[in-house]
$ cat input_12.pdb   # PDB, C-alpha atoms, pLDDT in the B column
ATOM      1  CA  MET A  43      25.268  16.092  -1.878  1.00 92.00           C
ATOM      2  CA  ARG A  44      28.640  17.670  -1.315  1.00 89.00           C
ATOM      3  CA  PRO A  45      30.159  20.512  -3.342  1.00 88.00           C
ATOM      4  CA  GLU A  46      32.520  18.041  -5.013  1.00 91.00           C
ATOM      5  CA  ASP A  47      29.437  16.148  -6.334  1.00 92.00           C
ATOM      6  CA  GLU A  48      28.161  19.135  -8.314  1.00 93.00           C
ATOM      7  CA  ALA A  49      29.829  18.222 -11.629  1.00 94.00           C
ATOM      8  CA  ASP A  50      28.467  14.669 -11.426  1.00 95.00           C
ATOM      9  CA  VAL A  51      24.980  15.912 -10.514  1.00 95.00           C
ATOM     10  CA  SER A  52      25.124  18.325 -13.443  1.00 94.00           C
ATOM     11  CA  ARG A  53      25.986  15.365 -15.688  1.00 95.00           C
ATOM     12  CA  VAL A  54      23.024  13.386 -14.296  1.00 95.00           C
ATOM     13  CA  LEU A  55      20.675  16.314 -14.902  1.00 94.00           C
ATOM     14  CA  ALA A  56      21.933  16.681 -18.477  1.00 94.00           C
ATOM     15  CA  ALA A  57      21.470  12.937 -19.075  1.00 95.00           C
ATOM     16  CA  CYS A  58      17.870  13.269 -17.819  1.00 92.00           C
ATOM     17  CA  ASP A  59      16.753  15.780 -20.432  1.00 90.00           C
ATOM     18  CA  ASP A  60      13.953  13.367 -21.344  1.00 88.00           C
ATOM     19  CA  TYR A  61      12.385  13.899 -17.923  1.00 88.00           C
ATOM     20  CA  LEU A  62      13.268  17.582 -17.609  1.00 87.00           C
ATOM     21  CA  LEU A  63      11.676  18.394 -20.957  1.00 86.00           C
ATOM     22  CA  ALA A  64       8.524  16.495 -19.947  1.00 84.00           C
ATOM     23  CA  ALA A  65       8.390  18.133 -16.508  1.00 83.00           C
ATOM     24  CA  THR A  66       9.508  21.684 -17.147  1.00 81.00           C
ATOM     25  CA  GLY A  67       9.607  22.220 -20.895  1.00 82.00           C
ATOM     26  CA  SER A  68      13.308  23.002 -20.618  1.00 83.00           C
ATOM     27  CA  PRO A  69      16.480  20.893 -20.872  1.00 88.00           C
ATOM     28  CA  ALA A  70      19.022  20.919 -18.066  1.00 89.00           C
ATOM     29  CA  LEU A  71      20.646  24.298 -17.636  1.00 85.00           C
ATOM     30  CA  PRO A  72      24.132  25.052 -16.277  1.00 81.00           C
ATOM     31  CA  ALA A  73      22.730  26.705 -13.125  1.00 84.00           C
ATOM     32  CA  ASP A  74      20.324  23.863 -12.259  1.00 87.00           C
ATOM     33  CA  VAL A  75      22.625  22.277  -9.685  1.00 88.00           C
ATOM     34  CA  GLN A  76      23.067  25.570  -7.844  1.00 85.00           C
ATOM     35  CA  SER A  77      19.313  26.124  -8.025  1.00 86.00           C
ATOM     36  CA  LEU A  78      18.768  22.866  -6.155  1.00 86.00           C
ATOM     37  CA  TYR A  79      20.454  24.372  -3.100  1.00 86.00           C
ATOM     38  CA  TYR A  80      18.206  27.410  -2.965  1.00 83.00           C
ATOM     39  CA  SER A  81      14.848  26.224  -4.267  1.00 84.00           C
ATOM     40  CA  LEU A  82      12.421  25.863  -1.376  1.00 84.00           C
ATOM     41  CA  PRO A  83       8.647  25.925  -1.163  1.00 83.00           C
ATOM     42  CA  ASP A  84       6.956  28.764   0.687  1.00 82.00           C
ATOM     43  CA  GLY A  85       7.137  28.231   4.436  1.00 87.00           C
ATOM     44  CA  ALA A  86      10.043  25.755   4.406  1.00 90.00           C
ATOM     45  CA  ASP A  87      13.427  26.391   6.014  1.00 91.00           C
ATOM     46  CA  PHE A  88      16.812  25.430   4.602  1.00 91.00           C
ATOM     47  CA  GLU A  89      17.341  23.071   7.563  1.00 93.00           C
ATOM     48  CA  GLN A  90      14.471  20.930   6.206  1.00 94.00           C
ATOM     49  CA  LYS A  91      16.079  20.504   2.778  1.00 93.00           C
ATOM     50  CA  HIS A  92      17.972  17.336   1.886  1.00 94.00           C
ATOM     51  CA  LEU A  93      19.949  16.956  -1.343  1.00 94.00           C
ATOM     52  CA  LEU A  94      21.152  13.406  -1.831  1.00 94.00           C
ATOM     53  CA  VAL A  95      23.172  11.640  -4.491  1.00 95.00           C
ATOM     54  CA  LEU A  96      22.572   8.050  -5.525  1.00 95.00           C
ATOM     55  CA  CYS A  97      25.681   6.080  -6.384  1.00 94.00           C
ATOM     56  CA  GLU A  98      26.610   2.861  -8.110  1.00 92.00           C
ATOM     57  CA  GLY A  99      30.035   2.179  -6.731  1.00 91.00           C
ATOM     58  CA  PRO A 100      31.969   5.437  -6.927  1.00 92.00           C
ATOM     59  CA  ALA A 101      29.781   6.862  -9.726  1.00 94.00           C
ATOM     60  CA  VAL A 102      26.999   9.349  -9.015  1.00 95.00           C
ATOM     61  CA  VAL A 103      23.994   8.127 -11.012  1.00 96.00           C
ATOM     62  CA  GLY A 104      21.112   9.967  -9.376  1.00 96.00           C
ATOM     63  CA  VAL A 105      19.937  12.918  -7.347  1.00 96.00           C
ATOM     64  CA  VAL A 106      17.123  13.387  -4.833  1.00 95.00           C
ATOM     65  CA  ASP A 107      15.759  16.702  -3.563  1.00 94.00           C
ATOM     66  CA  ALA A 108      13.475  16.343  -0.544  1.00 94.00           C
ATOM     67  CA  VAL A 109      12.070  18.625   2.127  1.00 94.00           C
ATOM     68  CA  ALA A 110      11.343  16.971   5.478  1.00 95.00           C
ATOM     69  CA  GLY A 111       8.422  18.248   7.512  1.00 94.00           C
ATOM     70  CA  TYR A 112       6.709  19.802   4.496  1.00 93.00           C
ATOM     71  CA  PRO A 113       3.965  20.764   3.773  1.00 91.00           C
ATOM     72  CA  ASP A 114       3.411  20.153   7.492  1.00 93.00           C
ATOM     73  CA  PRO A 115       5.448  18.448  10.238  1.00 94.00           C
ATOM     74  CA  LEU A 116       4.070  15.008   9.316  1.00 96.00           C
ATOM     75  CA  GLY A 117       4.914  15.249   5.609  1.00 95.00           C
ATOM     76  CA  CYS A 118       7.935  14.806   3.383  1.00 95.00           C
ATOM     77  CA  SER A 119       7.941  16.374  -0.073  1.00 93.00           C
ATOM     78  CA  VAL A 120      10.099  14.926  -2.844  1.00 93.00           C
ATOM     79  CA  GLY A 121      10.690  17.518  -5.527  1.00 87.00           C
ATOM     80  CA  LEU A 122      13.172  15.606  -7.637  1.00 90.00           C
ATOM     81  CA  PHE A 123      14.128  11.940  -7.846  1.00 93.00           C
ATOM     82  CA  LEU A 124      16.219  11.333 -10.960  1.00 93.00           C
ATOM     83  CA  LEU A 125      18.373   8.496 -12.188  1.00 94.00           C
ATOM     84  CA  ASP A 126      20.727   8.604 -15.139  1.00 94.00           C
ATOM     85  CA  PRO A 127      19.028   6.638 -17.955  1.00 94.00           C
ATOM     86  CA  LYS A 128      21.884   4.109 -17.834  1.00 93.00           C
ATOM     87  CA  ALA A 129      21.003   3.306 -14.190  1.00 92.00           C
ATOM     88  CA  ARG A 130      17.236   3.109 -14.666  1.00 91.00           C
ATOM     89  CA  ARG A 131      15.360  -0.181 -14.397  1.00 89.00           C
ATOM     90  CA  SER A 132      18.207  -1.727 -12.383  1.00 90.00           C
ATOM     91  CA  GLY A 133      16.366  -1.706  -9.043  1.00 91.00           C
ATOM     92  CA  LEU A 134      18.549   1.083  -7.650  1.00 93.00           C
ATOM     93  CA  GLY A 135      15.723   3.630  -7.695  1.00 92.00           C
ATOM     94  CA  ALA A 136      13.304   1.315  -5.888  1.00 95.00           C
ATOM     95  CA  ARG A 137      15.913   0.408  -3.256  1.00 95.00           C
ATOM     96  CA  ALA A 138      16.758   4.066  -2.696  1.00 94.00           C
ATOM     97  CA  ALA A 139      13.084   5.084  -2.513  1.00 95.00           C
ATOM     98  CA  ARG A 140      12.283   2.346   0.028  1.00 95.00           C
ATOM     99  CA  ARG A 141      15.241   3.382   2.163  1.00 94.00           C
ATOM    100  CA  LEU A 142      14.290   7.061   2.014  1.00 93.00           C
ATOM    101  CA  LEU A 143      10.662   6.331   2.886  1.00 95.00           C
ATOM    102  CA  ARG A 144      11.724   4.141   5.831  1.00 94.00           C
ATOM    103  CA  GLU A 145      14.002   6.928   7.065  1.00 94.00           C
ATOM    104  CA  ALA A 146      11.206   9.505   6.753  1.00 94.00           C
ATOM    105  CA  ALA A 147       8.911   7.230   8.791  1.00 95.00           C
ATOM    106  CA  ARG A 148      11.656   6.669  11.365  1.00 94.00           C
ATOM    107  CA  ARG A 149      11.934  10.443  11.748  1.00 93.00           C
ATOM    108  CA  GLY A 150       8.209  10.719  12.484  1.00 94.00           C
ATOM    109  CA  MET A 151       6.823  11.669   9.091  1.00 95.00           C
ATOM    110  CA  ARG A 152       3.558   9.952   8.218  1.00 97.00           C
ATOM    111  CA  TYR A 153       3.234  10.643   4.503  1.00 97.00           C
ATOM    112  CA  ALA A 154       5.308  11.537   1.473  1.00 96.00           C
ATOM    113  CA  THR A 155       4.295  13.571  -1.548  1.00 93.00           C
ATOM    114  CA  ALA A 156       5.816  13.731  -5.010  1.00 92.00           C
ATOM    115  CA  THR A 157       4.877  15.225  -8.345  1.00 87.00           C
ATOM    116  CA  CYS A 158       5.132  13.792 -11.835  1.00 87.00           C
ATOM    117  CA  PRO A 159       4.118  15.082 -15.262  1.00 86.00           C
ATOM    118  CA  ARG A 160       0.833  13.479 -16.333  1.00 84.00           C
ATOM    119  CA  ASP A 161       2.475  12.259 -19.555  1.00 84.00           C
ATOM    120  CA  TRP A 162       5.611  10.781 -17.941  1.00 88.00           C
ATOM    121  CA  ALA A 163       4.611   7.101 -17.904  1.00 91.00           C
ATOM    122  CA  PRO A 164       7.863   5.774 -16.351  1.00 91.00           C
ATOM    123  CA  GLY A 165       7.548   8.121 -13.370  1.00 91.00           C
ATOM    124  CA  LEU A 166       3.866   7.410 -12.835  1.00 93.00           C
ATOM    125  CA  ALA A 167       4.521   3.653 -13.001  1.00 94.00           C
ATOM    126  CA  PHE A 168       7.390   4.008 -10.516  1.00 94.00           C
ATOM    127  CA  LEU A 169       5.248   5.997  -8.065  1.00 94.00           C
ATOM    128  CA  GLU A 170       2.439   3.455  -8.274  1.00 95.00           C
ATOM    129  CA  ALA A 171       4.874   0.554  -7.804  1.00 94.00           C
ATOM    130  CA  MET A 172       6.183   2.309  -4.696  1.00 94.00           C
ATOM    131  CA  GLY A 173       2.665   2.475  -3.249  1.00 94.00           C
ATOM    132  CA  PHE A 174       1.860   6.111  -4.009  1.00 95.00           C
ATOM    133  CA  GLU A 175      -1.687   7.096  -4.907  1.00 95.00           C
ATOM    134  CA  VAL A 176      -1.402   9.277  -7.988  1.00 92.00           C
ATOM    135  CA  GLY A 177      -4.048  11.951  -8.392  1.00 87.00           C
ATOM    136  CA  GLU A 178      -5.133  13.838 -11.461  1.00 80.00           C
ATOM    137  CA  PRO A 179      -3.343  17.113 -12.122  1.00 67.00           C
ATOM    138  CA  ALA A 180      -4.707  19.923 -10.015  1.00 64.00           C
ATOM    139  CA  LYS A 181      -5.205  23.357 -11.449  1.00 63.00           C
ATOM    140  CA  ASP A 182      -1.633  24.627 -11.704  1.00 55.00           C
ATOM    141  CA  SER A 183      -1.175  27.788  -9.693  1.00 57.00           C
ATOM    142  CA  GLY A 184       1.337  29.500  -7.507  1.00 59.00           C
ATOM    143  CA  PRO A 185       5.090  29.909  -7.782  1.00 59.00           C
ATOM    144  CA  THR A 186       6.013  26.489  -6.356  1.00 60.00           C
ATOM    145  CA  VAL A 187       5.316  22.866  -7.195  1.00 53.00           C
ATOM    146  CA  GLY A 188       6.228  20.116  -4.751  1.00 52.00           C
ATOM    147  CA  ASN A 189       9.232  21.545  -2.968  1.00 47.00           C
ATOM    148  CA  ARG A 190      10.698  23.714  -5.707  1.00 53.00           C
ATOM    149  CA  LEU A 191       9.958  26.746  -7.814  1.00 55.00           C
ATOM    150  CA  ARG A 192       7.640  26.201 -10.776  1.00 51.00           C
ATOM    151  CA  PHE A 193       9.104  26.629 -14.262  1.00 54.00           C
ATOM    152  CA  PRO A 194       6.946  28.812 -16.516  1.00 52.00           C
ATOM    153  CA  ALA A 195       6.214  25.931 -18.911  1.00 52.00           C
ATOM    154  CA  GLU A 196       5.157  23.477 -16.182  1.00 53.00           C
ATOM    155  CA  GLN A 197       1.572  22.337 -16.527  1.00 61.00           C
ATOM    156  CA  GLY A 198      -0.321  19.171 -15.719  1.00 70.00           C
ATOM    157  CA  LEU A 199       1.727  17.765 -12.859  1.00 78.00           C
ATOM    158  CA  CYS A 200       0.102  14.907 -10.967  1.00 82.00           C
ATOM    159  CA  THR A 201       0.487  14.832  -7.208  1.00 87.00           C
ATOM    160  CA  ALA A 202       1.215  11.480  -5.601  1.00 93.00           C
ATOM    161  CA  VAL A 203       0.810  10.722  -1.902  1.00 94.00           C
ATOM    162  CA  ARG A 204       2.002   7.735   0.080  1.00 96.00           C
ATOM    163  CA  ARG A 205       1.164   6.970   3.667  1.00 96.00           C
ATOM    164  CA  LEU A 206       4.098   6.044   5.915  1.00 93.00           C
ATOM    165  CA  ASP A 207       2.941   3.795   8.733  1.00 76.00           C
ATOM    166  CA  GLY A 208       6.261   3.332  10.424  1.00 61.00           C
ATOM    167  CA  PRO A 209       9.663   1.748  10.059  1.00 49.00           C
ATOM    168  CA  SER A 210       8.663  -1.667  11.420  1.00 44.00           C
ATOM    169  CA  GLU A 211       6.561  -2.729   8.433  1.00 41.00           C
ATOM    170  CA  ASP A 212       7.742  -4.930   5.598  1.00 41.00           C
ATOM    171  CA  ALA A 213      10.115  -2.738   3.623  1.00 41.00           C
ATOM    172  CA  GLY A 214      10.219  -5.214   0.768  1.00 40.00           C
ATOM    173  CA  HIS A 215       6.557  -4.818  -0.146  1.00 37.00           C
ATOM    174  CA  PRO A 216       6.020  -1.754  -2.374  1.00 37.00           C
ATOM    175  CA  GLY A 217       2.512  -1.076  -1.091  1.00 38.00           C
ATOM    176  CA  GLY A 218       3.137  -1.677   2.584  1.00 39.00           C
ATOM    177  CA  GLY A 219       4.410   0.510   5.347  1.00 37.00           C
ATOM    178  CA  ALA A 220       7.469   2.555   4.699  1.00 34.00           C
ATOM    179  CA  ALA A 221       8.601   0.714   1.615  1.00 33.00           C
TER     180      ALA A 221
END
$ encode --input "input_12.pdb" --output "structure tokens"
Amino acid sequence: MRPEDEADVSRVLAACDDYLLAATGSPALPADVQSLYYSLPDGADFEQKHLLVLCEGPAVVGVVDAVAGYPDPLGCSVGLFLLDPKARRSGLGARAARRLLREAARRGMRYATATCPRDWAPGLAFLEAMGFEVGEPAKDSGPTVGNRLRFPAEQGLCTAVRRLDGPSEDAGHPGGGAA
């Protein structure tokens, strides 16, 4: 994500109020894009943070917030993976997720984690289709969730984990390797 992408990312966040309300209890706020730059889990460094935009042609239609090497050097934590509702169910999200997971494996990470509200069926279905094992919500505690600060209204987030075996496996199979 570049500074010139901020207005488009803000538009994507606003279009994703359905998810944001389910996840945080709050709609998109004007400062949310700036918050993405600074929100880090305890123990992570800014050099580990990756903010990416997903595009269809020249249009920004998604945003990904990931922290490499977190919660330990072999992990990758995805705190946000959003697509504008108009771009959902087009295959773009699955293609982007497979590419990101392959890249994480190529860089030596062996698993990825993500969170999803327990009542957000589209997100849970997406994680399962991508080969993540989705666990029941843990007791919510602490100031962070995934790789970002916890909103006060956030409760009941499921944690999903996916093993990354390496970049040489079949990237087209959602349950295999680094898909």
$ closest_residue --input "input_12.pdb" --among "A:Ala163, A:Ala156, A:Val103, A:Ala202" --to "A:Glu175" --atoms "all atoms listed in the file"
A:Ala202
$ residues_around --input "input_12.pdb" --residues "A:Met151" --least-positions-apart "6" --cutoff "9 Å" --atoms "only C-alpha atoms" --output "PDB file with C-alpha atoms, keeping the file's coordinate frame"
ATOM      1  CA  ALA A 110      11.343  16.971   5.478  1.00 95.00           C
ATOM      2  CA  GLY A 111       8.422  18.248   7.512  1.00 94.00           C
ATOM      3  CA  PRO A 115       5.448  18.448  10.238  1.00 94.00           C
ATOM      4  CA  LEU A 116       4.070  15.008   9.316  1.00 96.00           C
ATOM      5  CA  GLY A 117       4.914  15.249   5.609  1.00 95.00           C
ATOM      6  CA  CYS A 118       7.935  14.806   3.383  1.00 95.00           C
ATOM      7  CA  GLU A 145      14.002   6.928   7.065  1.00 94.00           C
ATOM      8  CA  LEU A 206       4.098   6.044   5.915  1.00 93.00           C
ATOM      9  CA  ASP A 207       2.941   3.795   8.733  1.00 76.00           C
ATOM     10  CA  GLY A 208       6.261   3.332  10.424  1.00 61.00           C
TER      11      GLY A 208
END
$ closest_residue --input "input_12.pdb" --among "A:Pro159, A:Gly133, A:Pro113, A:Pro164" --to "A:Cys200" --atoms "only C-alpha atoms"
A:Pro159
$ atom_distance --input "input_12.pdb" --atom1 "atom CA of A:Thr155" --atom2 "atom CA of A:Ser68"
23.1 Å
$ residues_around --input "input_12.pdb" --residues "A:Ala136" --least-positions-apart "2" --cutoff "9 Å" --atoms "all atoms listed in the file" --output "ChimeraX atom specification"
/A:131-134,138-141,168,171-172,216,221
$ resolve_selection --input "input_12.pdb" --expression "the PyMOL selection byres ((chain A and resi 160-162) around 9)" --output "NGL selection string"
:A and (61 or 64-65 or 158-159 or 163-167 or 178-179 or 197-200)
$ residues_around --input "input_12.pdb" --residues "A:Ala86" --least-positions-apart "3" --cutoff "12 Å" --atoms "only C-alpha atoms" --output "PyMOL selection string"
chain A and resi 80-83+89-92+108-115+117-119+186+188-190
$ closest_residue --input "input_12.pdb" --among "A:Asp126, A:Glu48, A:Asp87, A:Asp59" --to "A:Ala73" --atoms "all atoms listed in the file"
A:Glu48
$ residues_near_point --input "input_12.pdb" --point "(18.8, 19.4, -15.8)" --cutoff "6 Å" --atoms "all atoms listed in the file" --output "PDB file with C-alpha atoms, in the coordinates of the input"
ATOM      1  CA  LEU A  55      20.675  16.314 -14.902  1.00 94.00           C
ATOM      2  CA  ALA A  56      21.933  16.681 -18.477  1.00 94.00           C
ATOM      3  CA  PRO A  69      16.480  20.893 -20.872  1.00 88.00           C
ATOM      4  CA  ALA A  70      19.022  20.919 -18.066  1.00 89.00           C
ATOM      5  CA  LEU A  71      20.646  24.298 -17.636  1.00 85.00           C
ATOM      6  CA  ASP A  74      20.324  23.863 -12.259  1.00 87.00           C
TER       7      ASP A  74
END
$ atom_distance --input "input_12.pdb" --atom1 "atom CA of A:Gly85" --atom2 "atom CA of A:Leu169"
25.6 Å
$ atom_distance --input "input_12.pdb" --atom1 "atom CA of A:Val105" --atom2 "atom CA of A:Glu170"
19.9 Å
$ closest_residue --input "input_12.pdb" --among "A:Leu78, A:Arg205, A:Asp50, A:Asp84" --to "A:Gly150" --atoms "only C-alpha atoms"
A:Arg205
$ closest_residue --input "input_12.pdb" --among "A:Leu93, A:Val176, A:Arg149, A:Met43" --to "A:Phe123" --atoms "all atoms listed in the file"
A:Leu93
$ closest_residue --input "input_12.pdb" --among "A:Val203, A:Leu124, A:Ala57, A:Leu143" --to "A:Cys97" --atoms "only C-alpha atoms"
A:Leu124
